[in-house]
Amino acid sequence: MNNNPDLAVCNQNLLAMRDTLDILGGKWKLQILHYLTANENNDNTFKKIERGISGISAKMLSKELKDLEQNELVSRKVISGKPVTVEYAITEYGKSTGIITQKLVDWGITHRKRILGK
């Protein structure tokens with residue numbers, strides 16, 4: 001048995017990172033969260049989100065929104081009428097991912113300049 005406290009902290013950190021990646025990982029979830037944050041004051045219907053995120057299919061958007069809703073990062077509101085519409089919004093808890101998405105945007109901009117600037 002290893003009693004190294006640094007190793008224990010590292011293992012806890014890796015577990016936390018794995019949990020985060022399980023919830024936020026993949027190609028679309030962070031993009032959806034970023035989109036909902038940037039368009040927080042709009043009526044974000046399914047179709048608007050689908051049109052706003054280039055390349056995502058309706059099937060994938062539906063799956064990812066369900067996952068995000070299950071993890072309390074996104075809320076879903078059914079608006080009765082003809083036709084019935086569904087609006088999505090980032091939750092207060094979901095807003096806590098803003099620092100992650102912004103860091104990824106910042107890093108991506110820097111990386112793109114570094115690689116394409118050569």
# chains A, B, ... in the order shown; residues from 1 in each chain; ligands from 1
$ select_by_dssp --residues "chain A" --states "helix (DSSP H, G or I)" --output "VMD selection string"
chain A and resid 5 to 24 29 to 38 46 to 52 58 to 70 94 to 116
$ residues_around --residues "Leu30 (chain A)" --least-positions-apart "3" --cutoff "10 Å" --atoms "only C-alpha atoms" --output "JSON, numbers by chain"
{"A": [23, 24, 25, 26, 27, 33, 34, 35, 36, 64, 68, 97, 98, 100, 101, 104]}
$ write_last_selection --atoms "N, CA and C atoms" --output "PDB file, in the first residue's frame"
ATOM      1  N   ILE A  23     -19.278  13.984 -17.969  1.00  0.00           N
ATOM      2  CA  ILE A  23     -20.455  14.852 -18.059  1.00  0.00           C
ATOM      3  C   ILE A  23     -20.342  15.848 -19.210  1.00  0.00           C
ATOM      4  N   LEU A  24     -19.155  16.414 -19.413  1.00  0.00           N
ATOM      5  CA  LEU A  24     -18.990  17.501 -20.389  1.00  0.00           C
ATOM      6  C   LEU A  24     -18.256  17.089 -21.656  1.00  0.00           C
ATOM      7  N   GLY A  25     -17.716  15.876 -21.671  1.00  0.00           N
ATOM      8  CA  GLY A  25     -16.878  15.450 -22.784  1.00  0.00           C
ATOM      9  C   GLY A  25     -17.654  15.232 -24.067  1.00  0.00           C
ATOM     10  N   GLY A  26     -16.914  15.045 -25.123  1.00  0.00           N
ATOM     11  CA  GLY A  26     -17.508  14.844 -26.431  1.00  0.00           C
ATOM     12  C   GLY A  26     -17.450  16.116 -27.252  1.00  0.00           C
ATOM     13  N   LYS A  27     -17.945  16.026 -28.437  1.00  0.00           N
ATOM     14  CA  LYS A  27     -17.834  17.118 -29.395  1.00  0.00           C
ATOM     15  C   LYS A  27     -18.850  18.231 -29.154  1.00  0.00           C
ATOM     16  N   LEU A  33     -23.625  24.243 -24.290  1.00  0.00           N
ATOM     17  CA  LEU A  33     -23.604  25.097 -23.100  1.00  0.00           C
ATOM     18  C   LEU A  33     -23.141  26.508 -23.452  1.00  0.00           C
ATOM     19  N   HIS A  34     -22.119  26.606 -24.277  1.00  0.00           N
ATOM     20  CA  HIS A  34     -21.619  27.917 -24.689  1.00  0.00           C
ATOM     21  C   HIS A  34     -22.687  28.663 -25.493  1.00  0.00           C
ATOM     22  N   TYR A  35     -23.350  27.975 -26.391  1.00  0.00           N
ATOM     23  CA  TYR A  35     -24.413  28.582 -27.185  1.00  0.00           C
ATOM     24  C   TYR A  35     -25.528  29.106 -26.283  1.00  0.00           C
ATOM     25  N   LEU A  36     -25.976  28.288 -25.327  1.00  0.00           N
ATOM     26  CA  LEU A  36     -27.063  28.699 -24.435  1.00  0.00           C
ATOM     27  C   LEU A  36     -26.647  29.863 -23.540  1.00  0.00           C
ATOM     28  N   GLU A  64     -27.837  14.960 -26.495  1.00  0.00           N
ATOM     29  CA  GLU A  64     -26.976  15.787 -25.639  1.00  0.00           C
ATOM     30  C   GLU A  64     -27.794  16.687 -24.716  1.00  0.00           C
ATOM     31  N   LEU A  68     -27.572  16.760 -20.690  1.00  0.00           N
ATOM     32  CA  LEU A  68     -27.318  18.008 -19.969  1.00  0.00           C
ATOM     33  C   LEU A  68     -28.448  18.327 -18.996  1.00  0.00           C
ATOM     34  N   THR A  97     -20.198  26.233 -15.662  1.00  0.00           N
ATOM     35  CA  THR A  97     -19.296  25.711 -16.700  1.00  0.00           C
ATOM     36  C   THR A  97     -18.718  26.822 -17.566  1.00  0.00           C
ATOM     37  N   GLY A  98     -19.209  28.043 -17.374  1.00  0.00           N
ATOM     38  CA  GLY A  98     -18.761  29.168 -18.199  1.00  0.00           C
ATOM     39  C   GLY A  98     -17.264  29.387 -18.166  1.00  0.00           C
ATOM     40  N   ILE A 100     -15.030  27.144 -17.773  1.00  0.00           N
ATOM     41  CA  ILE A 100     -14.406  26.071 -18.555  1.00  0.00           C
ATOM     42  C   ILE A 100     -14.508  26.390 -20.041  1.00  0.00           C
ATOM     43  N   THR A 101     -15.704  26.747 -20.490  1.00  0.00           N
ATOM     44  CA  THR A 101     -15.874  27.025 -21.917  1.00  0.00           C
ATOM     45  C   THR A 101     -15.048  28.231 -22.345  1.00  0.00           C
ATOM     46  N   LEU A 104     -11.449  27.244 -22.729  1.00  0.00           N
ATOM     47  CA  LEU A 104     -11.262  26.477 -23.957  1.00  0.00           C
ATOM     48  C   LEU A 104     -11.274  27.388 -25.187  1.00  0.00           C
TER      49      LEU A 104
END
$ atom_distance --atom1 "CA of Gly55 (chain A)" --atom2 "CA of Val84 (chain A)"
25.0 Å
$ atom_distance --atom1 "CA of Thr20 (chain A)" --atom2 "CA of Asn44 (chain A)"
25.0 Å
$ select_by_dssp --residues "chain A" --states "strand (DSSP E)" --output "MDAnalysis selection string"
chainID A and resid 74:79 85:90
$ write_last_selection --atoms "C-alpha atoms" --output "short mmCIF file (atom, residue, chain, number, x, y, z; two decimals), in the first residue's frame"
data_model
loop_
_atom_site.label_atom_id
_atom_site.label_comp_id
_atom_site.auth_asym_id
_atom_site.auth_seq_id
_atom_site.Cartn_x
_atom_site.Cartn_y
_atom_site.Cartn_z
CA VAL A 74 -29.87 22.76 -18.89
CA SER A 75 -33.59 23.24 -18.25
CA ARG A 76 -36.39 22.33 -20.62
CA LYS A 77 -39.70 24.16 -20.83
CA VAL A 78 -42.67 23.01 -22.93
CA ILE A 79 -44.71 25.88 -24.35
CA THR A 85 -42.60 24.25 -28.77
CA VAL A 86 -39.83 23.41 -26.37
CA GLU A 87 -37.36 25.97 -25.09
CA TYR A 88 -34.03 25.24 -23.46
CA ALA A 89 -32.03 27.41 -21.09
CA ILE A 90 -28.82 27.15 -19.17
#
$ atom_distance --atom1 "CA of Leu15 (chain A)" --atom2 "CA of Leu61 (chain A)"
27.1 Å
$ decode --residues "region 81-92 of chain A" --atoms "N, CA and C atoms" --output "tab-separated table (two decimals), in the first residue's frame"
chain	number	residue	atom	x	y	z
A	81	GLY	N	-49.27	25.26	-27.28
A	81	GLY	CA	-49.75	26.07	-28.39
A	81	GLY	C	-49.78	25.21	-29.62
A	82	LYS	N	-50.00	25.84	-30.74
A	82	LYS	CA	-50.00	25.10	-31.99
A	82	LYS	C	-48.96	25.70	-32.91
A	83	PRO	N	-47.88	25.04	-33.16
A	83	PRO	CA	-47.50	23.76	-32.58
A	83	PRO	C	-46.90	23.93	-31.18
A	84	VAL	N	-46.80	22.84	-30.45
A	84	VAL	CA	-46.13	22.86	-29.16
A	84	VAL	C	-44.65	23.11	-29.41
A	85	THR	N	-44.04	23.99	-28.64
A	85	THR	CA	-42.60	24.25	-28.77
A	85	THR	C	-41.91	23.95	-27.45
A	86	VAL	N	-40.64	23.68	-27.54
A	86	VAL	CA	-39.83	23.41	-26.37
A	86	VAL	C	-38.67	24.39	-26.36
A	87	GLU	N	-38.47	25.04	-25.24
A	87	GLU	CA	-37.36	25.97	-25.09
A	87	GLU	C	-36.36	25.40	-24.08
A	88	TYR	N	-35.10	25.69	-24.33
A	88	TYR	CA	-34.03	25.24	-23.46
A	88	TYR	C	-33.28	26.46	-22.92
A	89	ALA	N	-32.80	26.32	-21.70
A	89	ALA	CA	-32.03	27.41	-21.09
A	89	ALA	C	-30.94	26.82	-20.22
A	90	ILE	N	-29.88	27.57	-20.08
A	90	ILE	CA	-28.82	27.15	-19.17
A	90	ILE	C	-29.31	27.43	-17.74
A	91	THR	N	-29.04	26.50	-16.83
A	91	THR	CA	-29.44	26.68	-15.44
A	91	THR	C	-28.36	27.48	-14.70
A	92	GLU	N	-28.68	27.90	-13.50
A	92	GLU	CA	-27.66	28.58	-12.68
A	92	GLU	C	-26.45	27.66	-12.49
